[in-house]
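Scroll down for the structure; my scribbles are underneath it.
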Amino acid sequence: MTVTNMRQGTCPACGSQEVYCLKAIKRQFMVELGYWGAEDIPSKVLVCVECGRCERYLQLTDKHKKKIRDEAARVQG
Ligand SMILES: [Zn+2]
């Protein structure tokens, strides 16, 4: 299995399986979404204690997803 993200339990950077999940504290990820102003979206952080790499995942509600799809620029590959 190719490791592409830390949710697979292995660090893609160093190969360590010492990946832990932290809950991000509030006010750490502010997203500006149109008339909502700045929205504080809860997120969780996966961290590798071997090399320090981390990945952050926003815990999006359907409302967040709709606003993002409607208002943000989509990244074209
Ligand atoms: Zn690592």
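Naming scheme: A, B, ... for chains in displayed order of the structure tokens; residues 1 onward per chain; ligands 1 onward as shown.
If one restricts the calculation to only C-alpha atoms and all ligand atoms, the set of residues situated within 10 Å of ligand 1 consists of Met6, Thr10, Cys11, Pro12, Ala13, Cys14, Gly15, Ser16, Gln17, Glu18, Val19, Val47, Cys48, Val49, Glu50, Cys51, Gly52, Arg53 and Cys54 of chain A.
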Which of A:Glu71, A:Thr2, A:Cys21, A:Gln76 sits closest to A:Tyr57 [using only C-alpha atoms] = A:Cys21
note = Taken to one decimal, the atom CA of A:Arg56-atom CA of A:Ser43 distance is 6.7 Å
